[in-house]
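Have a look at data11.cif below; it lists mmCIF, C-alpha atoms.
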```
data_data
loop_
_atom_site.group_PDB
_atom_site.id
_atom_site.type_symbol
_atom_site.label_atom_id
_atom_site.label_comp_id
_atom_site.auth_asym_id
_atom_site.auth_seq_id
_atom_site.Cartn_x
_atom_site.Cartn_y
_atom_site.Cartn_z
ATOM 1 C CA MET A 1 100.982 68.372 133.231
ATOM 2 C CA PRO A 2 98.481 65.913 134.618
ATOM 3 C CA TYR A 3 101.172 63.715 136.190
ATOM 4 C CA LYS A 4 103.944 64.133 138.730
ATOM 5 C CA HIS A 5 107.466 62.757 138.768
ATOM 6 C CA SER A 6 110.132 62.771 141.435
ATOM 7 C CA LEU A 7 113.569 64.097 140.617
ATOM 8 C CA SER A 8 115.054 60.594 140.642
ATOM 9 C CA GLU A 9 112.420 59.375 138.149
ATOM 10 C CA VAL A 10 113.184 62.307 135.866
ATOM 11 C CA LEU A 11 116.913 61.639 136.018
ATOM 12 C CA LEU A 12 116.311 57.990 135.097
ATOM 13 C CA MET A 13 114.033 59.173 132.306
ATOM 14 C CA LEU A 14 117.017 61.002 130.774
ATOM 15 C CA PHE A 15 118.168 57.618 129.412
ATOM 16 C CA THR A 16 114.781 56.446 128.092
ATOM 17 C CA ASN A 17 113.021 59.647 126.996
ATOM 18 C CA PRO A 18 115.463 62.600 126.996
ATOM 19 C CA PRO A 19 113.163 65.273 125.452
ATOM 20 C CA GLU A 20 110.399 64.664 127.991
ATOM 21 C CA ALA A 21 112.893 64.525 130.862
ATOM 22 C CA PHE A 22 114.466 67.795 129.745
ATOM 23 C CA ARG A 23 111.025 69.435 129.555
ATOM 24 C CA ILE A 24 110.133 68.263 133.055
ATOM 25 C CA LEU A 25 113.494 69.424 134.431
ATOM 26 C CA CYS A 26 113.001 72.865 132.871
ATOM 27 C CA ILE A 27 109.558 73.138 134.482
ATOM 28 C CA MET A 28 110.954 72.051 137.869
ATOM 29 C CA VAL A 29 113.833 74.544 137.676
ATOM 30 C CA GLY A 30 111.516 77.292 136.428
ATOM 31 C CA GLY A 31 109.153 76.703 139.340
ATOM 32 C CA ALA A 32 112.020 76.808 141.841
ATOM 33 C CA VAL A 33 113.412 80.027 140.319
ATOM 34 C CA THR A 34 109.940 81.576 140.320
ATOM 35 C CA ARG A 35 109.355 80.665 143.962
ATOM 36 C CA ALA A 36 112.760 81.999 145.030
ATOM 37 C CA CYS A 37 112.311 85.254 143.107
ATOM 38 C CA LEU A 38 108.808 85.903 144.431
ATOM 39 C CA GLU A 39 109.973 85.361 148.033
ATOM 40 C CA SER A 40 112.813 87.852 147.604
ATOM 41 C CA SER A 41 112.625 91.422 148.904
ATOM 42 C CA ASN A 42 114.351 92.755 145.770
ATOM 43 C CA PRO A 43 111.735 94.331 143.434
ATOM 44 C CA HIS A 44 113.711 93.325 140.323
ATOM 45 C CA LEU A 45 113.722 89.684 141.388
ATOM 46 C CA LYS A 46 109.971 89.887 142.060
ATOM 47 C CA ARG A 47 109.468 91.114 138.490
ATOM 48 C CA LEU A 48 111.635 88.270 137.216
ATOM 49 C CA GLY A 49 109.512 85.854 139.267
ATOM 50 C CA ASP A 50 106.339 87.297 137.728
ATOM 51 C CA LEU A 51 107.810 86.922 134.255
ATOM 52 C CA THR A 52 108.890 83.309 134.786
ATOM 53 C CA PHE A 53 105.481 82.503 136.275
ATOM 54 C CA CYS A 54 103.749 83.935 133.187
ATOM 55 C CA ILE A 55 105.991 81.881 130.903
ATOM 56 C CA LEU A 56 105.400 78.693 132.900
ATOM 57 C CA ALA A 57 101.650 79.313 133.046
ATOM 58 C CA TYR A 58 101.537 79.841 129.272
ATOM 59 C CA TYR A 59 103.289 76.562 128.480
ATOM 60 C CA LEU A 60 101.395 74.559 131.089
ATOM 61 C CA ILE A 61 97.894 75.936 130.349
ATOM 62 C CA ARG A 62 98.054 75.954 126.550
ATOM 63 C CA PRO A 63 97.669 72.182 125.940
ATOM 64 C CA PHE A 64 94.443 72.071 127.965
ATOM 65 C CA ILE A 65 92.601 74.813 126.044
ATOM 66 C CA PRO A 66 90.337 73.590 123.241
ATOM 67 C CA ALA A 67 91.491 74.490 119.741
ATOM 68 C CA ALA A 68 90.165 77.750 118.249
ATOM 69 C CA PRO A 69 87.092 78.642 120.345
ATOM 70 C CA MET A 70 84.791 81.189 118.691
ATOM 71 C CA VAL A 71 84.541 84.679 120.217
ATOM 72 C CA PHE A 72 82.176 87.112 118.478
ATOM 73 C CA GLY A 73 82.248 84.870 115.416
ATOM 74 C CA TYR A 74 86.045 84.783 115.076
ATOM 75 C CA PRO A 75 88.285 81.838 115.989
ATOM 76 C CA VAL A 76 90.714 82.718 118.773
ATOM 77 C CA PRO A 77 94.006 80.779 118.841
ATOM 78 C CA ARG A 78 94.507 78.829 122.060
ATOM 79 C CA GLY A 79 97.898 80.463 122.520
ATOM 80 C CA THR A 80 96.166 83.836 122.822
ATOM 81 C CA ILE A 81 93.866 82.517 125.527
ATOM 82 C CA ALA A 82 96.795 80.970 127.386
ATOM 83 C CA ILE A 83 98.676 84.280 127.261
ATOM 84 C CA LEU A 84 95.649 86.127 128.640
ATOM 85 C CA ILE A 85 95.222 83.656 131.478
ATOM 86 C CA SER A 86 98.900 83.695 132.378
ATOM 87 C CA LEU A 87 99.144 87.494 132.322
ATOM 88 C CA LEU A 88 95.881 88.221 134.109
ATOM 89 C CA GLY A 89 96.289 85.583 136.776
ATOM 90 C CA SER A 90 93.709 83.527 138.594
ATOM 91 C CA HIS A 91 92.325 86.389 140.721
ATOM 92 C CA VAL A 92 91.356 88.495 137.717
ATOM 93 C CA ILE A 93 89.935 85.481 135.869
ATOM 94 C CA TYR A 94 87.840 84.571 138.945
ATOM 95 C CA THR A 95 86.610 88.164 139.283
ATOM 96 C CA LEU A 96 85.535 88.227 135.624
ATOM 97 C CA PHE A 97 83.876 84.805 135.992
ATOM 98 C CA ARG A 98 82.034 85.981 139.119
ATOM 99 C CA PHE A 99 80.886 89.151 137.313
ATOM 100 C CA PHE A 100 79.468 87.225 134.353
ATOM 101 C CA VAL A 101 77.759 84.654 136.574
ATOM 102 C CA LYS A 102 76.115 87.453 138.589
ATOM 103 C CA LYS A 103 75.104 89.294 135.416
ATOM 104 C CA ARG A 104 73.581 86.183 133.787
ATOM 105 C CA THR A 105 72.012 84.458 136.797
ATOM 106 C CA GLY A 106 71.867 87.077 139.549
ATOM 107 C CA ILE A 107 73.843 84.787 141.873
ATOM 108 C CA ASP A 108 76.729 86.437 143.706
ATOM 109 C CA LEU A 109 79.460 83.835 144.246
ATOM 110 C CA LYS A 110 81.100 85.917 146.965
ATOM 111 C CA GLU A 111 78.029 86.607 149.065
ATOM 112 C CA THR A 112 78.681 86.725 152.770
ATOM 113 C CA GLN A 113 76.019 86.285 155.398
ATOM 114 C CA ASN A 114 75.869 88.624 158.342
ATOM 115 C CA ASN A 115 75.525 86.519 161.462
ATOM 116 C CA GLY A 116 74.744 89.241 163.860
#
```

Is it possible to give me this structure as structure tokens?
Amino acid sequence: MPYKHSLSEVLLMLFTNPPEAFRILCIMVGGAVTRACLESSNPHLKRLGDLTFCILAYYLIRPFIPAAPMVFGYPVPRGTIAILISLLGSHVIYTLFRFFVKKRTGIDLKETQNNG
């Protein structure tokens, strides 16, 4: 979502725009559950946190992906791309992006200079 609301604004929005307020509340609760599960030492809760993060990422990324981009001549649904991004995570996406940039241009985005 490109905008932010405080909890009090969302609660007031329940009277004017209930579907949108409910959606925002679900995202807020999902984020809190995800954060709590990922900070836990229990491996089952960490898996639950990963799952809720993937679900949140899917629903939050999907609206910003252009409709049906072409890959190898076939249209790929934007839901598929959102699922891939949410499951792979930002580190894997960045690594793939860095690989393709280096392959196409020869520029290594993670080059480090030795100072001594």

The PyMOL selection byres ((chain A and resi 66) around 12) applied to the shown file, residues as a PyMOL selection string:
chain A and resi 61-65+67-70+75-82

Expected selection from the PyMOL selection byres ((chain A and resi 23) around 12), given as a PyMOL selection string
chain A and resi 1+5+10-11+13-14+17-22+24-30+56+59-60

So how many Å separate CA of Ser86 in chain A and CA of Phe53 in chain A, to one decimal?
7.7 Å

What is the CA of Asp50 in chain A-CA of Thr34 in chain A distance in Å, reported with one decimal?
7.2 Å

Please rebuild range 52-63 of chain A with all heavy atoms and return the result as a PDB file, keeping the file's coordinate frame.
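Ended up saving to out.pdb:
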```pdb
ATOM      1  N   THR A  52     108.734  84.770 134.926  1.00  0.00           N
ATOM      2  CA  THR A  52     108.890  83.309 134.786  1.00  0.00           C
ATOM      3  C   THR A  52     107.589  82.589 135.095  1.00  0.00           C
ATOM      4  O   THR A  52     107.281  81.580 134.465  1.00  0.00           O
ATOM      5  CB  THR A  52     110.021  82.772 135.681  1.00  0.00           C
ATOM      6  OG1 THR A  52     109.788  83.157 137.026  1.00  0.00           O
ATOM      7  CG2 THR A  52     111.377  83.262 135.223  1.00  0.00           C
ATOM      8  N   PHE A  53     106.782  83.121 136.019  1.00  0.00           N
ATOM      9  CA  PHE A  53     105.481  82.503 136.275  1.00  0.00           C
ATOM     10  C   PHE A  53     104.588  82.600 135.043  1.00  0.00           C
ATOM     11  O   PHE A  53     103.917  81.634 134.680  1.00  0.00           O
ATOM     12  CB  PHE A  53     104.770  83.150 137.471  1.00  0.00           C
ATOM     13  CG  PHE A  53     103.365  82.664 137.606  1.00  0.00           C
ATOM     14  CD1 PHE A  53     103.111  81.411 138.132  1.00  0.00           C
ATOM     15  CD2 PHE A  53     102.305  83.422 137.158  1.00  0.00           C
ATOM     16  CE1 PHE A  53     101.821  80.926 138.217  1.00  0.00           C
ATOM     17  CE2 PHE A  53     101.014  82.961 137.246  1.00  0.00           C
ATOM     18  CZ  PHE A  53     100.772  81.715 137.777  1.00  0.00           C
ATOM     19  N   CYS A  54     104.570  83.768 134.390  1.00  0.00           N
ATOM     20  CA  CYS A  54     103.749  83.935 133.187  1.00  0.00           C
ATOM     21  C   CYS A  54     104.182  82.972 132.085  1.00  0.00           C
ATOM     22  O   CYS A  54     103.344  82.391 131.400  1.00  0.00           O
ATOM     23  CB  CYS A  54     103.815  85.371 132.690  1.00  0.00           C
ATOM     24  SG  CYS A  54     102.978  86.548 133.754  1.00  0.00           S
ATOM     25  N   ILE A  55     105.484  82.804 131.923  1.00  0.00           N
ATOM     26  CA  ILE A  55     105.991  81.881 130.903  1.00  0.00           C
ATOM     27  C   ILE A  55     105.605  80.445 131.235  1.00  0.00           C
ATOM     28  O   ILE A  55     105.128  79.699 130.369  1.00  0.00           O
ATOM     29  CB  ILE A  55     107.517  82.032 130.755  1.00  0.00           C
ATOM     30  CG1 ILE A  55     107.842  83.406 130.148  1.00  0.00           C
ATOM     31  CG2 ILE A  55     108.104  80.921 129.895  1.00  0.00           C
ATOM     32  CD1 ILE A  55     109.300  83.774 130.202  1.00  0.00           C
ATOM     33  N   LEU A  56     105.787  80.048 132.495  1.00  0.00           N
ATOM     34  CA  LEU A  56     105.400  78.693 132.900  1.00  0.00           C
ATOM     35  C   LEU A  56     103.903  78.472 132.740  1.00  0.00           C
ATOM     36  O   LEU A  56     103.473  77.426 132.252  1.00  0.00           O
ATOM     37  CB  LEU A  56     105.810  78.435 134.347  1.00  0.00           C
ATOM     38  CG  LEU A  56     107.262  78.111 134.604  1.00  0.00           C
ATOM     39  CD1 LEU A  56     107.529  78.055 136.107  1.00  0.00           C
ATOM     40  CD2 LEU A  56     107.648  76.809 133.948  1.00  0.00           C
ATOM     41  N   ALA A  57     103.106  79.449 133.158  1.00  0.00           N
ATOM     42  CA  ALA A  57     101.650  79.313 133.046  1.00  0.00           C
ATOM     43  C   ALA A  57     101.242  79.169 131.583  1.00  0.00           C
ATOM     44  O   ALA A  57     100.377  78.352 131.255  1.00  0.00           O
ATOM     45  CB  ALA A  57     100.955  80.503 133.693  1.00  0.00           C
ATOM     46  N   TYR A  58     101.864  79.930 130.694  1.00  0.00           N
ATOM     47  CA  TYR A  58     101.537  79.841 129.272  1.00  0.00           C
ATOM     48  C   TYR A  58     101.781  78.427 128.743  1.00  0.00           C
ATOM     49  O   TYR A  58     100.914  77.824 128.114  1.00  0.00           O
ATOM     50  CB  TYR A  58     102.374  80.844 128.474  1.00  0.00           C
ATOM     51  CG  TYR A  58     102.274  80.642 126.988  1.00  0.00           C
ATOM     52  CD1 TYR A  58     101.153  81.044 126.298  1.00  0.00           C
ATOM     53  CD2 TYR A  58     103.296  80.029 126.278  1.00  0.00           C
ATOM     54  CE1 TYR A  58     101.040  80.862 124.941  1.00  0.00           C
ATOM     55  CE2 TYR A  58     103.202  79.847 124.915  1.00  0.00           C
ATOM     56  CZ  TYR A  58     102.073  80.263 124.251  1.00  0.00           C
ATOM     57  OH  TYR A  58     101.972  80.054 122.903  1.00  0.00           O
ATOM     58  N   TYR A  59     102.953  77.880 129.013  1.00  0.00           N
ATOM     59  CA  TYR A  59     103.289  76.562 128.480  1.00  0.00           C
ATOM     60  C   TYR A  59     102.530  75.431 129.157  1.00  0.00           C
ATOM     61  O   TYR A  59     102.309  74.385 128.547  1.00  0.00           O
ATOM     62  CB  TYR A  59     104.796  76.312 128.565  1.00  0.00           C
ATOM     63  CG  TYR A  59     105.542  77.040 127.492  1.00  0.00           C
ATOM     64  CD1 TYR A  59     106.342  78.126 127.779  1.00  0.00           C
ATOM     65  CD2 TYR A  59     105.419  76.664 126.162  1.00  0.00           C
ATOM     66  CE1 TYR A  59     107.010  78.823 126.788  1.00  0.00           C
ATOM     67  CE2 TYR A  59     106.071  77.343 125.159  1.00  0.00           C
ATOM     68  CZ  TYR A  59     106.860  78.419 125.475  1.00  0.00           C
ATOM     69  OH  TYR A  59     107.505  79.099 124.482  1.00  0.00           O
ATOM     70  N   LEU A  60     102.113  75.624 130.393  1.00  0.00           N
ATOM     71  CA  LEU A  60     101.395  74.559 131.089  1.00  0.00           C
ATOM     72  C   LEU A  60      99.890  74.619 130.846  1.00  0.00           C
ATOM     73  O   LEU A  60      99.219  73.593 130.888  1.00  0.00           O
ATOM     74  CB  LEU A  60     101.696  74.611 132.584  1.00  0.00           C
ATOM     75  CG  LEU A  60     103.152  74.334 132.947  1.00  0.00           C
ATOM     76  CD1 LEU A  60     103.383  74.530 134.437  1.00  0.00           C
ATOM     77  CD2 LEU A  60     103.559  72.936 132.533  1.00  0.00           C
ATOM     78  N   ILE A  61      99.337  75.795 130.582  1.00  0.00           N
ATOM     79  CA  ILE A  61      97.894  75.936 130.349  1.00  0.00           C
ATOM     80  C   ILE A  61      97.525  75.649 128.897  1.00  0.00           C
ATOM     81  O   ILE A  61      96.481  75.061 128.622  1.00  0.00           O
ATOM     82  CB  ILE A  61      97.430  77.359 130.732  1.00  0.00           C
ATOM     83  CG1 ILE A  61      97.538  77.565 132.234  1.00  0.00           C
ATOM     84  CG2 ILE A  61      96.013  77.629 130.284  1.00  0.00           C
ATOM     85  CD1 ILE A  61      97.318  78.995 132.671  1.00  0.00           C
ATOM     86  N   ARG A  62      98.369  76.020 127.980  1.00  0.00           N
ATOM     87  CA  ARG A  62      98.054  75.954 126.550  1.00  0.00           C
ATOM     88  C   ARG A  62      97.558  74.585 126.063  1.00  0.00           C
ATOM     89  O   ARG A  62      96.590  74.524 125.300  1.00  0.00           O
ATOM     90  CB  ARG A  62      99.273  76.397 125.750  1.00  0.00           C
ATOM     91  CG  ARG A  62      98.986  76.559 124.297  1.00  0.00           C
ATOM     92  CD  ARG A  62     100.141  77.223 123.596  1.00  0.00           C
ATOM     93  NE  ARG A  62      99.921  77.175 122.172  1.00  0.00           N
ATOM     94  CZ  ARG A  62     100.778  76.693 121.304  1.00  0.00           C
ATOM     95  NH1 ARG A  62     101.931  76.239 121.704  1.00  0.00           N
ATOM     96  NH2 ARG A  62     100.481  76.671 120.037  1.00  0.00           N
ATOM     97  N   PRO A  63      98.159  73.460 126.468  1.00  0.00           N
ATOM     98  CA  PRO A  63      97.669  72.182 125.940  1.00  0.00           C
ATOM     99  C   PRO A  63      96.247  71.818 126.386  1.00  0.00           C
ATOM    100  O   PRO A  63      95.596  70.999 125.757  1.00  0.00           O
ATOM    101  CB  PRO A  63      98.657  71.152 126.490  1.00  0.00           C
ATOM    102  CG  PRO A  63      99.849  71.922 126.887  1.00  0.00           C
ATOM    103  CD  PRO A  63      99.389  73.285 127.231  1.00  0.00           C
TER     104      PRO A  63
END
```
